[in-house]
file model04.pdb (PDB, C-alpha atoms and all ligand atoms)
ATOM      1  CA  MET K 705       0.000   0.000   0.000
ATOM      2  CA  PRO K 706       1.884   3.044  -1.156
ATOM      3  CA  ILE K 707       2.021   6.216   0.868
ATOM      4  CA  ASN K 708       2.246   9.431  -1.030
ATOM      5  CA  ILE K 709       2.971  12.678   0.813
ATOM      6  CA  GLU K 710       3.107  15.723  -1.391
ATOM      7  CA  GLY K 711       3.930  19.309  -0.452
ATOM      8  CA  LEU K 712       2.764  18.674   3.098
ATOM      9  CA  LYS K 713       2.767  21.698   5.339
ATOM     10  CA  PHE K 714       1.303  21.721   8.822
ATOM     11  CA  THR K 715       0.706  24.621  11.168
ATOM     12  CA  TYR K 716      -0.572  24.161  14.732
ATOM     13  CA  SER K 717      -3.166  26.783  15.789
ATOM     14  CA  ASN K 718      -3.209  28.121  12.241
ATOM     15  CA  GLY K 719      -4.043  31.824  12.220
ATOM     16  CA  GLY K 720      -4.040  32.042  16.023
ATOM     17  CA  PRO K 721      -1.647  33.893  18.310
ATOM     18  CA  PHE K 722       0.257  30.655  19.078
ATOM     19  CA  GLU K 723       0.643  29.616  15.454
ATOM     20  CA  LYS K 724       3.479  27.142  14.994
ATOM     21  CA  ASN K 725       4.721  25.902  11.637
ATOM     22  CA  ALA K 726       5.696  22.314  12.405
ATOM     23  CA  LEU K 727       6.128  20.873   8.885
ATOM     24  CA  HIS K 728       7.262  22.630   5.715
ATOM     25  CA  ASP K 729       6.910  21.147   2.253
ATOM     26  CA  ILE K 730       7.354  17.452   3.015
ATOM     27  CA  ASN K 731       7.513  15.070   0.037
ATOM     28  CA  ILE K 732       7.819  11.357   0.754
ATOM     29  CA  ASP K 733       6.754   8.224  -1.145
ATOM     30  CA  ILE K 734       6.745   4.880   0.633
ATOM     31  CA  GLN K 735       6.156   1.533  -1.095
ATOM     32  CA  ASP K 736       4.499  -1.594   0.297
ATOM     33  CA  GLY K 737       6.611  -3.614   2.667
ATOM     34  CA  GLU K 738       9.281  -0.993   3.304
ATOM     35  CA  PHE K 739      10.832  -0.652   6.764
ATOM     36  CA  ILE K 740      11.395   3.045   7.324
ATOM     37  CA  GLY K 741      13.189   4.665  10.231
ATOM     38  CA  ILE K 742      12.419   8.281  11.083
ATOM     39  CA  ILE K 743      14.973  10.070  13.200
ATOM     40  CA  GLY K 744      15.494  13.674  14.258
ATOM     41  CA  HIS K 745      15.891  15.945  17.247
ATOM     42  CA  THR K 746      13.127  16.649  19.655
ATOM     43  CA  GLY K 747      10.695  19.072  18.010
ATOM     44  CA  SER K 748      11.818  18.240  14.459
ATOM     45  CA  GLY K 749       8.283  17.202  13.483
ATOM     46  CA  LYS K 750       8.385  13.378  13.620
ATOM     47  CA  SER K 751       5.197  12.897  15.626
ATOM     48  CA  THR K 752       3.412  15.638  13.695
ATOM     49  CA  LEU K 753       4.335  13.892  10.457
ATOM     50  CA  ILE K 754       3.162  10.431  11.442
ATOM     51  CA  GLN K 755      -0.134  11.732  12.813
ATOM     52  CA  HIS K 756      -0.953  12.684   9.233
ATOM     53  CA  LEU K 757      -0.862   9.032   8.185
ATOM     54  CA  ASN K 758      -4.259   8.166   9.608
ATOM     55  CA  GLY K 759      -5.862  11.565   9.408
ATOM     56  CA  ILE K 760      -5.595  12.610  13.078
ATOM     57  CA  LEU K 761      -3.950  15.724  11.706
ATOM     58  CA  LYS K 762      -4.938  17.145   8.324
ATOM     59  CA  PRO K 763      -2.499  18.983   6.060
ATOM     60  CA  THR K 764      -2.579  22.771   6.263
ATOM     61  CA  ALA K 765      -1.351  22.572   2.659
ATOM     62  CA  GLY K 766      -0.418  19.707   0.364
ATOM     63  CA  ARG K 767      -1.820  16.205   0.597
ATOM     64  CA  VAL K 768      -1.380  12.783   2.093
ATOM     65  CA  ILE K 769      -2.714   9.865   0.061
ATOM     66  CA  ILE K 770      -2.668   6.344   1.489
ATOM     67  CA  ASN K 771      -3.381   3.709  -1.123
ATOM     68  CA  GLY K 772      -5.630   6.119  -2.960
ATOM     69  CA  ILE K 773      -7.391   7.432   0.163
ATOM     70  CA  ASP K 774      -6.960  11.159   0.700
ATOM     71  CA  THR K 775      -6.665  11.712   4.471
ATOM     72  CA  LYS K 776      -8.654  14.928   4.095
ATOM     73  CA  GLN K 777     -11.813  12.976   3.361
ATOM     74  CA  LYS K 778     -14.418  12.749   6.089
ATOM     75  CA  ASP K 779     -14.946   9.000   6.423
ATOM     76  CA  LEU K 780     -11.705   7.697   7.872
ATOM     77  CA  LYS K 781     -12.904   4.206   8.849
ATOM     78  CA  GLU K 782     -11.119   2.389   6.031
ATOM     79  CA  LEU K 783      -7.974   4.467   6.489
ATOM     80  CA  ARG K 784      -7.874   3.676  10.214
ATOM     81  CA  ARG K 785      -8.248  -0.017   9.429
ATOM     82  CA  GLN K 786      -5.239   0.110   7.148
ATOM     83  CA  VAL K 787      -2.947   2.325   9.195
ATOM     84  CA  GLY K 788      -2.234   1.401  12.818
ATOM     85  CA  ILE K 789      -0.356   3.897  14.959
ATOM     86  CA  VAL K 790       1.288   3.099  18.277
ATOM     87  CA  PHE K 791       1.740   6.523  19.868
ATOM     88  CA  GLN K 792       4.544   7.789  22.066
ATOM     89  CA  TYR K 793       3.977   6.322  25.570
ATOM     90  CA  PRO K 794       1.088   4.127  24.382
ATOM     91  CA  GLU K 795       0.473   2.769  27.880
ATOM     92  CA  HIS K 796      -1.231   6.078  28.633
ATOM     93  CA  GLN K 797      -3.936   4.954  26.245
ATOM     94  CA  LEU K 798      -4.714   1.730  28.099
ATOM     95  CA  PHE K 799      -7.991   2.428  29.802
ATOM     96  CA  GLU K 800     -10.092  -0.758  29.966
ATOM     97  CA  ASP K 801     -10.230  -2.897  33.131
ATOM     98  CA  THR K 802      -8.788  -6.009  31.479
ATOM     99  CA  VAL K 803      -6.094  -6.614  28.906
ATOM    100  CA  LYS K 804      -8.580  -8.540  26.816
ATOM    101  CA  LYS K 805     -11.008  -5.628  26.621
ATOM    102  CA  ASP K 806      -8.199  -3.269  25.807
ATOM    103  CA  ILE K 807      -6.877  -5.314  22.902
ATOM    104  CA  SER K 808     -10.384  -6.000  21.573
ATOM    105  CA  PHE K 809     -11.484  -2.377  21.722
ATOM    106  CA  GLY K 810     -10.768  -1.539  18.078
ATOM    107  CA  LEU K 811     -12.010  -4.933  16.871
ATOM    108  CA  LEU K 812     -15.416  -4.522  18.525
ATOM    109  CA  LYS K 813     -15.920  -1.307  16.610
ATOM    110  CA  GLN K 814     -15.317  -3.247  13.397
ATOM    111  CA  GLY K 815     -18.268  -5.516  14.051
ATOM    112  CA  LEU K 816     -16.309  -8.788  13.942
ATOM    113  CA  SER K 817     -17.726 -12.011  15.418
ATOM    114  CA  ASP K 818     -16.731 -13.026  18.972
ATOM    115  CA  GLU K 819     -14.808 -15.959  17.620
ATOM    116  CA  GLU K 820     -12.832 -13.842  15.174
ATOM    117  CA  ILE K 821     -12.105 -11.285  17.902
ATOM    118  CA  GLN K 822     -10.860 -13.991  20.261
ATOM    119  CA  GLN K 823      -8.591 -15.372  17.562
ATOM    120  CA  ARG K 824      -7.174 -11.979  16.648
ATOM    121  CA  VAL K 825      -6.569 -11.021  20.278
ATOM    122  CA  ILE K 826      -4.634 -14.211  20.959
ATOM    123  CA  SER K 827      -2.566 -14.034  17.834
ATOM    124  CA  ALA K 828      -1.773 -10.338  18.515
ATOM    125  CA  LEU K 829      -0.690 -11.277  22.052
ATOM    126  CA  HIS K 830       1.583 -14.002  20.720
ATOM    127  CA  SER K 831       3.099 -11.659  18.173
ATOM    128  CA  VAL K 832       4.413  -9.487  21.029
ATOM    129  CA  GLY K 833       5.565 -12.414  23.145
ATOM    130  CA  LEU K 834       2.667 -12.511  25.622
ATOM    131  CA  ASP K 835       0.194 -15.317  26.255
ATOM    132  CA  GLU K 836      -3.432 -15.879  27.286
ATOM    133  CA  SER K 837      -2.637 -15.877  31.008
ATOM    134  CA  ILE K 838      -2.548 -12.090  30.895
ATOM    135  CA  LEU K 839      -5.989 -11.609  29.322
ATOM    136  CA  GLU K 840      -8.056 -11.146  32.485
ATOM    137  CA  LYS K 841      -5.470  -8.989  34.261
ATOM    138  CA  SER K 842      -5.872  -5.265  34.641
ATOM    139  CA  PRO K 843      -3.454  -3.361  32.368
ATOM    140  CA  PHE K 844      -2.441  -1.410  35.470
ATOM    141  CA  GLU K 845      -1.028  -4.520  37.180
ATOM    142  CA  LEU K 846       1.508  -5.008  34.405
ATOM    143  CA  SER K 847       5.158  -3.975  34.221
ATOM    144  CA  GLY K 848       6.174  -1.110  31.951
ATOM    145  CA  GLY K 849       7.388  -3.461  29.237
ATOM    146  CA  GLN K 850       4.219  -5.572  29.377
ATOM    147  CA  LYS K 851       2.006  -2.497  29.158
ATOM    148  CA  ARG K 852       3.911  -1.368  26.109
ATOM    149  CA  ARG K 853       3.409  -4.774  24.494
ATOM    150  CA  VAL K 854      -0.306  -4.811  25.256
ATOM    151  CA  ALA K 855      -0.631  -1.396  23.630
ATOM    152  CA  ILE K 856       1.227  -2.646  20.553
ATOM    153  CA  ALA K 857      -0.933  -5.803  20.494
ATOM    154  CA  GLY K 858      -4.062  -3.608  20.421
ATOM    155  CA  VAL K 859      -2.847  -2.034  17.207
ATOM    156  CA  VAL K 860      -1.519  -5.272  15.701
ATOM    157  CA  ALA K 861      -4.868  -7.009  16.345
ATOM    158  CA  MET K 862      -6.384  -4.673  13.766
ATOM    159  CA  MET K 863      -3.969  -6.237  11.243
ATOM    160  CA  PRO K 864      -3.003  -2.921   9.705
ATOM    161  CA  LYS K 865      -1.114  -2.951   6.411
ATOM    162  CA  ILE K 866       0.923  -0.041   7.689
ATOM    163  CA  LEU K 867       2.259  -0.141  11.238
ATOM    164  CA  VAL K 868       3.568   3.139  12.603
ATOM    165  CA  LEU K 869       5.405   3.190  15.928
ATOM    166  CA  ASP K 870       6.422   6.410  17.664
ATOM    167  CA  GLU K 871       9.341   5.659  20.005
ATOM    168  CA  PRO K 872       7.883   2.267  20.987
ATOM    169  CA  THR K 873      10.736   1.382  23.316
ATOM    170  CA  ALA K 874      11.403   4.747  24.982
ATOM    171  CA  GLY K 875      12.053   4.246  28.680
ATOM    172  CA  LEU K 876      12.450   0.442  28.492
ATOM    173  CA  ASP K 877      15.632  -1.357  29.470
ATOM    174  CA  PRO K 878      17.889  -2.718  26.682
ATOM    175  CA  SER K 879      16.578  -6.293  26.876
ATOM    176  CA  GLY K 880      12.953  -5.104  26.778
ATOM    177  CA  ARG K 881      13.846  -2.948  23.799
ATOM    178  CA  ASP K 882      15.529  -5.723  21.872
ATOM    179  CA  GLU K 883      12.562  -8.007  22.479
ATOM    180  CA  ILE K 884      10.032  -5.505  21.198
ATOM    181  CA  PHE K 885      12.192  -4.737  18.170
ATOM    182  CA  GLY K 886      12.449  -8.472  17.497
ATOM    183  CA  TYR K 887       8.654  -8.742  17.399
ATOM    184  CA  ILE K 888       8.344  -5.739  15.127
ATOM    185  CA  LYS K 889      10.860  -7.294  12.756
ATOM    186  CA  GLU K 890       8.819 -10.503  12.681
ATOM    187  CA  LEU K 891       5.580  -8.642  11.951
ATOM    188  CA  HIS K 892       7.311  -6.896   9.091
ATOM    189  CA  ARG K 893       8.681 -10.135   7.715
ATOM    190  CA  ASP K 894       5.720 -12.463   8.266
ATOM    191  CA  PHE K 895       2.929 -10.143   7.134
ATOM    192  CA  ASN K 896       4.887  -7.927   4.780
ATOM    193  CA  MET K 897       3.658  -4.989   6.849
ATOM    194  CA  THR K 898       4.995  -1.601   5.955
ATOM    195  CA  VAL K 899       6.675  -0.431   9.144
ATOM    196  CA  ILE K 900       7.468   3.173  10.014
ATOM    197  CA  LEU K 901       9.502   3.444  13.173
ATOM    198  CA  VAL K 902      10.230   6.751  14.870
ATOM    199  CA  SER K 903      13.227   6.689  17.167
ATOM    200  CA  HIS K 904      15.842   8.927  18.749
ATOM    201  CA  SER K 905      18.387   6.133  18.580
ATOM    202  CA  MET K 906      20.542   5.816  15.495
ATOM    203  CA  GLU K 907      21.675   2.419  16.840
ATOM    204  CA  ASP K 908      18.110   1.105  16.841
ATOM    205  CA  ILE K 909      17.285   2.532  13.430
ATOM    206  CA  ALA K 910      20.496   1.036  12.000
ATOM    207  CA  LYS K 911      19.537  -2.404  13.292
ATOM    208  CA  LEU K 912      16.067  -2.361  11.787
ATOM    209  CA  ALA K 913      15.308   0.084   9.003
ATOM    210  CA  ASP K 914      16.144  -0.297   5.316
ATOM    211  CA  ARG K 915      15.551   3.349   4.616
ATOM    212  CA  VAL K 916      16.071   6.326   6.892
ATOM    213  CA  ILE K 917      14.287   9.656   6.870
ATOM    214  CA  VAL K 918      16.119  12.300   8.869
ATOM    215  CA  MET K 919      13.884  15.160   9.986
ATOM    216  CA  ASN K 920      15.268  18.558  10.878
ATOM    217  CA  GLU K 921      13.249  21.628  11.871
ATOM    218  CA  GLY K 922      10.114  20.451  10.139
ATOM    219  CA  THR K 923      11.765  19.407   6.887
ATOM    220  CA  VAL K 924      13.119  16.172   5.436
ATOM    221  CA  TYR K 925      16.871  16.636   5.752
ATOM    222  CA  MET K 926      17.847  13.236   4.335
ATOM    223  CA  ASP K 927      15.876  10.342   2.853
ATOM    224  CA  LYS K 928      18.154   7.494   1.836
ATOM    225  CA  PRO K 929      18.813   3.759   2.080
ATOM    226  CA  SER K 930      20.111   3.280   5.588
ATOM    227  CA  GLY K 931      23.736   2.431   4.689
ATOM    228  CA  GLU K 932      24.109   5.660   2.724
ATOM    229  CA  VAL K 933      22.985   7.746   5.671
ATOM    230  CA  TYR K 934      25.702   6.472   8.000
ATOM    231  CA  THR K 935      28.502   6.655   5.440
ATOM    232  CA  GLN K 936      28.001  10.427   5.435
ATOM    233  CA  PRO K 937      28.364  11.105   9.158
ATOM    234  CA  ASP K 938      29.443  14.697   8.510
ATOM    235  CA  GLN K 939      26.018  15.395   6.989
ATOM    236  CA  LEU K 940      24.430  14.088  10.192
ATOM    237  CA  GLU K 941      26.903  15.949  12.401
ATOM    238  CA  LYS K 942      25.988  19.240  10.725
ATOM    239  CA  ILE K 943      22.607  19.025  12.399
ATOM    240  CA  GLY K 944      23.941  17.617  15.658
ATOM    241  CA  LEU K 945      23.158  13.947  14.979
ATOM    242  CA  SER K 946      25.705  11.180  14.518
ATOM    243  CA  ALA K 947      26.179   7.809  12.881
ATOM    244  CA  PRO K 948      25.945   4.711  15.109
ATOM    245  CA  GLN K 949      28.906   4.610  17.520
ATOM    246  CA  ILE K 950      30.099   1.336  16.036
ATOM    247  CA  THR K 951      30.593   3.030  12.654
ATOM    248  CA  TYR K 952      33.074   5.479  14.198
ATOM    249  CA  LEU K 953      34.888   2.637  15.928
ATOM    250  CA  MET K 954      35.211   0.708  12.662
ATOM    251  CA  LYS K 955      36.612   3.781  10.926
ATOM    252  CA  ARG K 956      39.286   4.071  13.624
ATOM    253  CA  LEU K 957      40.089   0.379  13.474
ATOM    254  CA  LYS K 958      40.641   0.712   9.759
ATOM    255  CA  THR K 959      43.770   2.760  10.467
ATOM    256  CA  ILE K 960      45.356  -0.343  12.022
ATOM    257  CA  LEU K 961      43.471  -2.998  10.013
ATOM    258  CA  PRO K 962      43.361  -1.433   6.546
ATOM    259  CA  ASP K 963      41.508  -4.382   5.000
ATOM    260  CA  ILE K 964      38.402  -4.218   7.163
ATOM    261  CA  ASP K 965      35.092  -2.974   5.850
ATOM    262  CA  GLU K 966      34.404   0.309   7.606
ATOM    263  CA  ASN K 967      30.850   0.580   6.302
ATOM    264  CA  ILE K 968      29.401  -1.223   9.282
ATOM    265  CA  PHE K 969      26.439   0.060  11.244
ATOM    266  CA  THR K 970      25.572  -2.588  13.806
ATOM    267  CA  VAL K 971      27.508  -4.334  16.539
ATOM    268  CA  GLU K 972      26.542  -7.744  15.096
ATOM    269  CA  ALA K 973      27.989  -6.872  11.692
ATOM    270  CA  ALA K 974      31.147  -5.484  13.346
ATOM    271  CA  VAL K 975      31.661  -8.695  15.310
ATOM    272  CA  LYS K 976      31.406 -10.766  12.119
ATOM    273  CA  GLU K 977      33.749  -8.489  10.214
ATOM    274  CA  LEU K 978      36.356  -8.490  12.983
ATOM    275  CA  GLN K 979      36.180 -12.277  13.412
ATOM    276  CA  LYS K 980      36.906 -12.649   9.725
ATOM    277  CA  HIS K 981      40.034 -10.521  10.036
ATOM    278  CA  LEU K 982      41.224 -11.934  13.320
ATOM    279  CA  LYS K 983      41.132 -15.443  11.813
ATOM    280  CA  GLN K 984      43.381 -14.215   9.025
TER     281      GLN K 984
HETATM  282  N1  LIG X1001      -0.221  20.455  20.019
HETATM  283  C1  LIG X1001       0.735  21.303  19.642
HETATM  284  N2  LIG X1001       0.503  22.647  19.590
HETATM  285  C2  LIG X1001       1.461  23.513  19.210
HETATM  286  N3  LIG X1001       2.699  23.163  18.814
HETATM  287  C3  LIG X1001       2.993  21.858  18.841
HETATM  288  C4  LIG X1001       2.034  20.848  19.257
HETATM  289  N4  LIG X1001       2.598  19.621  19.170
HETATM  290  C5  LIG X1001       3.857  19.855  18.739
HETATM  291  N5  LIG X1001       4.095  21.167  18.533
HETATM  292  C6  LIG X1001       5.344  21.796  18.036
HETATM  293  O1  LIG X1001       5.573  21.322  16.725
HETATM  294  C7  LIG X1001       6.953  21.025  16.518
HETATM  295  C8  LIG X1001       7.118  19.552  16.126
HETATM  296  O2  LIG X1001       6.760  18.750  17.247
HETATM  297  P1  LIG X1001       6.712  17.162  17.199
HETATM  298  O3  LIG X1001       6.044  16.723  18.428
HETATM  299  O4  LIG X1001       6.149  16.728  15.901
HETATM  300  O5  LIG X1001       8.262  16.822  17.229
HETATM  301  P2  LIG X1001       8.981  15.413  17.450
HETATM  302  O6  LIG X1001      10.040  15.328  16.404
HETATM  303  O7  LIG X1001       7.986  14.322  17.505
HETATM  304  O8  LIG X1001       9.676  15.605  18.879
HETATM  305  P3  LIG X1001      10.022  14.484  20.013
HETATM  306  O9  LIG X1001      11.260  13.826  19.546
HETATM  307  O10 LIG X1001      10.250  15.318  21.229
HETATM  308  O11 LIG X1001       8.852  13.549  20.159
HETATM  309  C9  LIG X1001       7.656  21.391  17.810
HETATM  310  O12 LIG X1001       8.150  22.702  17.682
HETATM  311  C10 LIG X1001       6.552  21.341  18.847
HETATM  312  O13 LIG X1001       6.799  22.245  19.898
HETATM  313 MG    MG X1002       7.450  12.964  18.989
END

call {"tool": "encode", "arguments": {"input": "model04.pdb", "output": "structure tokens", "more": "lines below"}}
Ligand SMILES: Nc1ncnc2c1ncn2[C@@H]1O[C@H](COP(=O)(O)OP(=O)(O)OP(=O)(O)O)[C@@H](O)[C@H]1O
Ligand SMILES: [Mg+2]
result
Amino acid sequence: MPINIEGLKFTYSNGGPFEKNALHDINIDIQDGEFIGIIGHTGSGKSTLIQHLNGILKPTAGRVIINGIDTKQKDLKELRRQVGIVFQYPEHQLFEDTVKKDISFGLLKQGLSDEEIQQRVISALHSVGLDESILEKSPFELSGGQKRRVAIAGVVAMMPKILVLDEPTAGLDPSGRDEIFGYIKELHRDFNMTVILVSHSMEDIAKLADRVIVMNEGTVYMDKPSGEVYTQPDQLEKIGLSAPQITYLMKRLKTILPDIDENIFTVEAAVKELQKHLKQ
């Protein structure tokens, strides 16, 4: 399901005394099944941008078309079925008294049968590494990581074609983060979901995304296959970002091991590359 963003401009409180231009002339095309990372400083417009993907925010100028649906149209039911967004700190949106009710909330509105709902809830739970034992618990009894997973399961249960996640692992410990990223990777692979992941961490984006969109002050500063973004660290440094730390380390190691590949962006890839050379 292609996403087509054309000349998108967005102003908060347009025309009011607190007017704030958050996005300026954004042009992005995304094809089915892509895994996109969006990175940028706080306030660069990442959350504003992704909220345009299911019509929560409407362009002040320009347009956003999702598989032929213009997000400016009134009836957004079909759009919301196709685009699932996990917001920043999604656990704040858990409000039902049981996990089961929370995950089924969106499904009930779709008028599915009880059996279908049950099936979808369980498979969504499994896809984030949880099981049925949690269904009758209150979301408020859960740990931070579990709450985050339940919130993600609620969106996954809708089986969106496009899954958008805004900082889904912020505030979790590294093992909780890796687990959630693992599940997102599987969803992308098994269902060919288009995934759009917003993150502050270049390390996380490097591990997951095939294409990286760097936002800066409400504009798209870079939009490139992920390898190309990190091989130009000076471009990133100009706006106060940096390549993954491991990339800098590999560049330094190249001065003593001239044969190594310095275009390495993840620790796993670095380990493999170094093992190869140490054996020699
Ligand atoms: N509801 C709002 N009303 C007015 N201005 C807003 C509102 N939400 C965001 N902004 C402003 O719009 C700009 C973009 O904010 P946005 O939340 O999209 O950035 P972000 O890249 O998601 O930041 P973060 O990394 O902190 O989540 C910022 O200058 C922000 O202050
Ligand atoms: Mg944000």

call {"tool": "closest_residue", "arguments": {"input": "model04.pdb", "among": "K:Val916, K:Leu846, K:Met862, K:Ile838", "to": "Ile732 (chain K)", "atoms": "all atoms listed in the file"}}
result
K:Val916

call {"tool": "closest_residue", "arguments": {"input": "model04.pdb", "among": "K:His981, K:His830, K:Lys750, K:Lys813", "to": "ligand MG 1002 (chain X)", "atoms": "all atoms listed in the file"}}
result
K:Lys750

call {"tool": "atom_distance", "arguments": {"input": "model04.pdb", "atom1": "CA of Ile742 (chain K)", "atom2": "CA of Met926 (chain K)"}}
result
10.0 Å

call {"tool": "residues_near_ligand", "arguments": {"input": "model04.pdb", "ligand": "ligand LIG 1001 (chain X)", "cutoff": "7 Å", "atoms": "all atoms listed in the file", "output": "PyMOL selection string"}}
result
chain K and resi 716-717+724-726+744-753+904+922

call {"tool": "closest_atom_pairs", "arguments": {"input": "model04.pdb", "of": "region 758-830 of chain K", "to": "region 871-878 of chain K", "cutoff": "10 Å", "atoms": "all atoms listed in the file", "output": "Markdown table"}}
result
| residue | atom | partner | partner_atom | distance |
| --- | --- | --- | --- | --- |
| K:Val790 | CA | K:Pro872 | CA | 7.2 |
| K:Phe791 | CA | K:Pro872 | CA | 7.6 |
| K:Gln792 | CA | K:Glu871 | CA | 5.6 |
| K:Tyr793 | CA | K:Pro872 | CA | 7.3 |
| K:Pro794 | CA | K:Pro872 | CA | 7.8 |
